[in-house]
>>> print(open('work_19.cif').read())   # mmCIF, C-alpha atoms
data_model
#
loop_
_atom_site.label_atom_id
_atom_site.label_comp_id
_atom_site.auth_asym_id
_atom_site.auth_seq_id
_atom_site.Cartn_x
_atom_site.Cartn_y
_atom_site.Cartn_z
CA MET A 1 97.46 79.98 116.68
CA ALA A 2 101.24 80.32 116.50
CA ILE A 3 102.58 83.00 114.18
CA PRO A 4 106.05 82.28 112.79
CA ARG A 5 108.86 84.61 113.80
CA GLU A 6 109.39 85.89 110.24
CA VAL A 7 105.72 86.92 110.07
CA LEU A 8 106.08 88.78 113.37
CA ARG A 9 109.09 90.58 111.89
CA LEU A 10 107.02 91.59 108.88
CA LEU A 11 104.21 92.84 111.13
CA ALA A 12 106.71 95.03 112.98
CA LEU A 13 107.53 96.75 109.70
CA VAL A 14 103.95 97.34 108.53
CA ASP A 15 102.78 100.84 109.33
CA ILE A 16 99.40 100.48 111.03
CA SER A 17 98.03 102.37 113.99
CA SER A 18 97.36 100.80 117.36
CA ALA A 19 93.68 100.63 116.32
CA GLY A 20 94.65 98.66 113.21
CA ARG A 21 96.81 96.33 115.26
CA ARG A 22 94.02 95.77 117.81
CA VAL A 23 91.53 94.96 115.01
CA LEU A 24 94.09 92.54 113.53
CA ASP A 25 94.60 90.87 116.91
CA VAL A 26 90.85 90.31 117.30
CA LEU A 27 90.59 88.93 113.76
CA LEU A 28 93.51 86.59 114.44
CA SER A 29 91.88 85.39 117.65
CA LEU A 30 88.66 84.62 115.75
CA SER A 31 90.21 83.14 112.63
CA ASN A 32 88.98 79.79 111.40
CA PRO A 33 92.02 77.50 111.05
CA ASP A 34 90.49 75.78 108.01
CA ASN A 35 89.99 78.83 105.81
CA GLY A 36 91.70 81.81 107.49
CA THR A 37 88.52 83.83 107.81
CA ALA A 38 87.11 85.62 110.82
CA GLU A 39 83.49 86.58 111.35
CA ILE A 40 82.59 89.61 113.42
CA SER A 41 80.25 92.53 112.84
CA GLN A 42 81.32 96.14 113.13
CA ASN A 43 79.21 96.52 116.29
CA GLU A 44 80.74 93.37 117.82
CA MET A 45 84.25 94.65 117.04
CA CYS A 46 83.40 98.01 118.63
CA ALA A 47 82.18 96.23 121.76
CA GLU A 48 85.19 93.88 121.81
CA LEU A 49 87.66 96.76 121.62
CA GLY A 50 85.65 99.38 123.49
CA SER A 51 86.18 101.66 120.49
CA SER A 52 84.03 103.86 118.30
CA LYS A 53 82.85 102.89 114.81
CA PRO A 54 85.19 105.42 113.13
CA THR A 55 88.17 103.94 115.00
CA VAL A 56 87.22 100.37 114.09
CA ASN A 57 86.58 101.36 110.46
CA ARG A 58 89.97 103.07 110.31
CA GLY A 59 91.57 99.87 111.63
CA PHE A 60 89.82 97.72 109.01
CA LYS A 61 90.81 100.21 106.28
CA GLU A 62 94.48 100.12 107.31
CA LEU A 63 94.51 96.32 107.27
CA ARG A 64 92.95 96.26 103.80
CA GLU A 65 95.32 98.92 102.44
CA CYS A 66 98.44 97.11 103.63
CA GLY A 67 97.14 93.68 102.54
CA LEU A 68 96.88 91.99 105.95
CA ALA A 69 93.09 91.42 105.85
CA TRP A 70 90.16 92.27 103.61
CA GLY A 71 86.40 91.96 103.63
CA LEU A 72 84.72 89.08 101.86
CA GLU A 73 81.12 89.88 102.74
CA ASP A 74 79.37 91.71 105.54
CA GLY A 75 81.02 90.69 108.80
CA ARG A 76 83.41 88.13 107.25
CA TYR A 77 87.09 88.89 106.71
CA GLN A 78 89.95 87.01 105.08
CA LEU A 79 93.33 87.21 106.79
CA HIS A 80 96.46 87.09 104.63
CA PRO A 81 97.66 83.48 104.22
CA LEU A 82 101.00 84.36 105.84
CA LEU A 83 99.03 84.97 109.04
CA THR A 84 96.96 81.80 108.76
CA GLY A 85 99.50 79.16 107.82
CA GLY A 86 98.33 79.31 104.20
CA ALA A 87 94.61 78.88 104.89
CA VAL A 88 92.30 80.75 102.48
CA SER A 89 88.58 80.60 101.83
CA SER A 90 89.01 80.08 98.08
CA PRO A 91 91.99 78.51 96.28
CA VAL A 92 91.45 80.84 93.30
CA MET A 93 91.46 84.01 95.41
CA GLN A 94 93.95 86.69 94.42
CA ILE A 95 96.18 87.35 97.44
CA PRO A 96 97.44 90.93 97.82
CA GLU A 97 101.06 91.67 98.54
CA ILE A 98 101.68 92.89 102.07
CA LYS A 99 102.92 96.44 101.87
CA ALA A 100 105.73 97.23 104.25
CA ALA A 101 106.03 100.70 105.67
CA ASP A 102 107.51 103.55 103.64
CA PRO A 103 109.83 105.37 106.07
CA ALA A 104 110.01 108.39 103.76
CA ARG A 105 106.37 109.16 104.64
CA PHE A 106 106.87 108.97 108.42
CA THR A 107 107.04 111.82 110.86
CA ALA A 108 110.42 112.31 112.55
CA ARG A 109 109.15 110.54 115.69
CA ARG A 110 107.81 107.55 113.72
CA ARG A 111 111.07 107.38 111.71
CA ALA A 112 113.03 107.07 114.96
CA ARG A 113 110.72 104.28 116.22
CA TYR A 114 110.97 102.50 112.86
CA ALA A 115 114.79 102.71 112.91
CA ALA A 116 114.78 101.21 116.41
CA GLN A 117 112.47 98.38 115.26
CA VAL A 118 114.72 97.57 112.31
CA ALA A 119 117.84 97.69 114.53
CA ASN A 120 116.20 95.39 117.07
CA LEU A 121 115.23 92.92 114.33
CA ALA A 122 118.83 92.91 113.08
CA LEU A 123 120.08 92.07 116.58
CA THR A 124 117.65 89.16 117.02
CA GLY A 125 118.06 87.74 113.53
#
>>> encode(input="work_19.cif", output="structure tokens")
Amino acid sequence: MAIPREVLRLLALVDISSAGRRVLDVLLSLSNPDNGTAEISQNEMCAELGSSKPTVNRGFKELRECGLAWGLEDGRYQLHPLLTGGAVSSPVMQIPEIKAADPARFTARRRARYAAQVANLALTG
């Protein structure tokens, strides 16, 4: 699956941990191109990432909170249509807005990394 450059730019500005990003990467790799869903159990995700259940749960929670992915039913997740080329499991589904990072809530170290990301995006755009 190819992710458009503007979506990659957005992902760079969403504040998720490395665990959240790894969960997202697995969901993207498993996503059904027809409906933008991915099916994987918590135990399978733990095995795939070599991570604990709390780490995987934190990753899923971050994705849900920022609007990149959310649970539909046990072991089935919907990825945001921006990540799936518009594919969704239901045409009447309410799609959440993706929440970009709030730099005011960052630590000094994270603020510096965020500033560098934004500067890099400006240079490549």
>>> atom_distance(input="work_19.cif", atom1="CA of Thr37 (chain A)", atom2="CA of Tyr77 (chain A)")
5.4 Å
>>> residues_around(input="work_19.cif", residues="region 84-101 of chain A", least_positions_apart="5", cutoff="10 Å", atoms="all atoms listed in the file", output="short mmCIF file (atom, residue, chain, number, x, y, z; two decimals) with C-alpha atoms, in the frame of the given file")
data_model
loop_
_atom_site.label_atom_id
_atom_site.label_comp_id
_atom_site.auth_asym_id
_atom_site.auth_seq_id
_atom_site.Cartn_x
_atom_site.Cartn_y
_atom_site.Cartn_z
CA MET A 1 97.46 79.98 116.68
CA ALA A 2 101.24 80.32 116.50
CA ILE A 3 102.58 83.00 114.18
CA PRO A 4 106.05 82.28 112.79
CA LEU A 10 107.02 91.59 108.88
CA LEU A 11 104.21 92.84 111.13
CA ALA A 12 106.71 95.03 112.98
CA LEU A 13 107.53 96.75 109.70
CA VAL A 14 103.95 97.34 108.53
CA ASP A 15 102.78 100.84 109.33
CA ILE A 16 99.40 100.48 111.03
CA LEU A 28 93.51 86.59 114.44
CA SER A 31 90.21 83.14 112.63
CA ASN A 32 88.98 79.79 111.40
CA PRO A 33 92.02 77.50 111.05
CA ASP A 34 90.49 75.78 108.01
CA ASN A 35 89.99 78.83 105.81
CA GLY A 36 91.70 81.81 107.49
CA THR A 37 88.52 83.83 107.81
CA LEU A 63 94.51 96.32 107.27
CA ARG A 64 92.95 96.26 103.80
CA GLU A 65 95.32 98.92 102.44
CA CYS A 66 98.44 97.11 103.63
CA GLY A 67 97.14 93.68 102.54
CA LEU A 68 96.88 91.99 105.95
CA ALA A 69 93.09 91.42 105.85
CA TRP A 70 90.16 92.27 103.61
CA LEU A 72 84.72 89.08 101.86
CA TYR A 77 87.09 88.89 106.71
CA GLN A 78 89.95 87.01 105.08
CA LEU A 79 93.33 87.21 106.79
CA PHE A 106 106.87 108.97 108.42
CA TYR A 114 110.97 102.50 112.86
#
>>> axis_aligned_box(input="work_19.cif", around="region 10-13 of chain A", padding_each_side="3 Å", output="JSON")
{"center_x": 105.9, "center_y": 94.2, "center_z": 110.9, "size_x": 9.3, "size_y": 11.2, "size_z": 10.1}
>>> atom_distance(input="work_19.cif", atom1="CA of Glu6 (chain A)", atom2="CA of Pro81 (chain A)")
13.4 Å
>>> atom_distance(input="work_19.cif", atom1="CA of Leu24 (chain A)", atom2="CA of Thr55 (chain A)")
12.9 Å
>>> closest_residue(input="work_19.cif", among="A:Val118, A:Met45, A:Leu82, A:Ala104", to="Gly20 (chain A)", atoms="only C-alpha atoms")
A:Met45
>>> closest_residue(input="work_19.cif", among="A:Leu83, A:Val56, A:Ala38, A:Ala47", to="Leu8 (chain A)", atoms="only C-alpha atoms")
A:Leu83
>>> closest_residue(input="work_19.cif", among="A:Val26, A:Ala119, A:Cys46, A:Ile40", to="Asp74 (chain A)", atoms="only C-alpha atoms")
A:Ile40
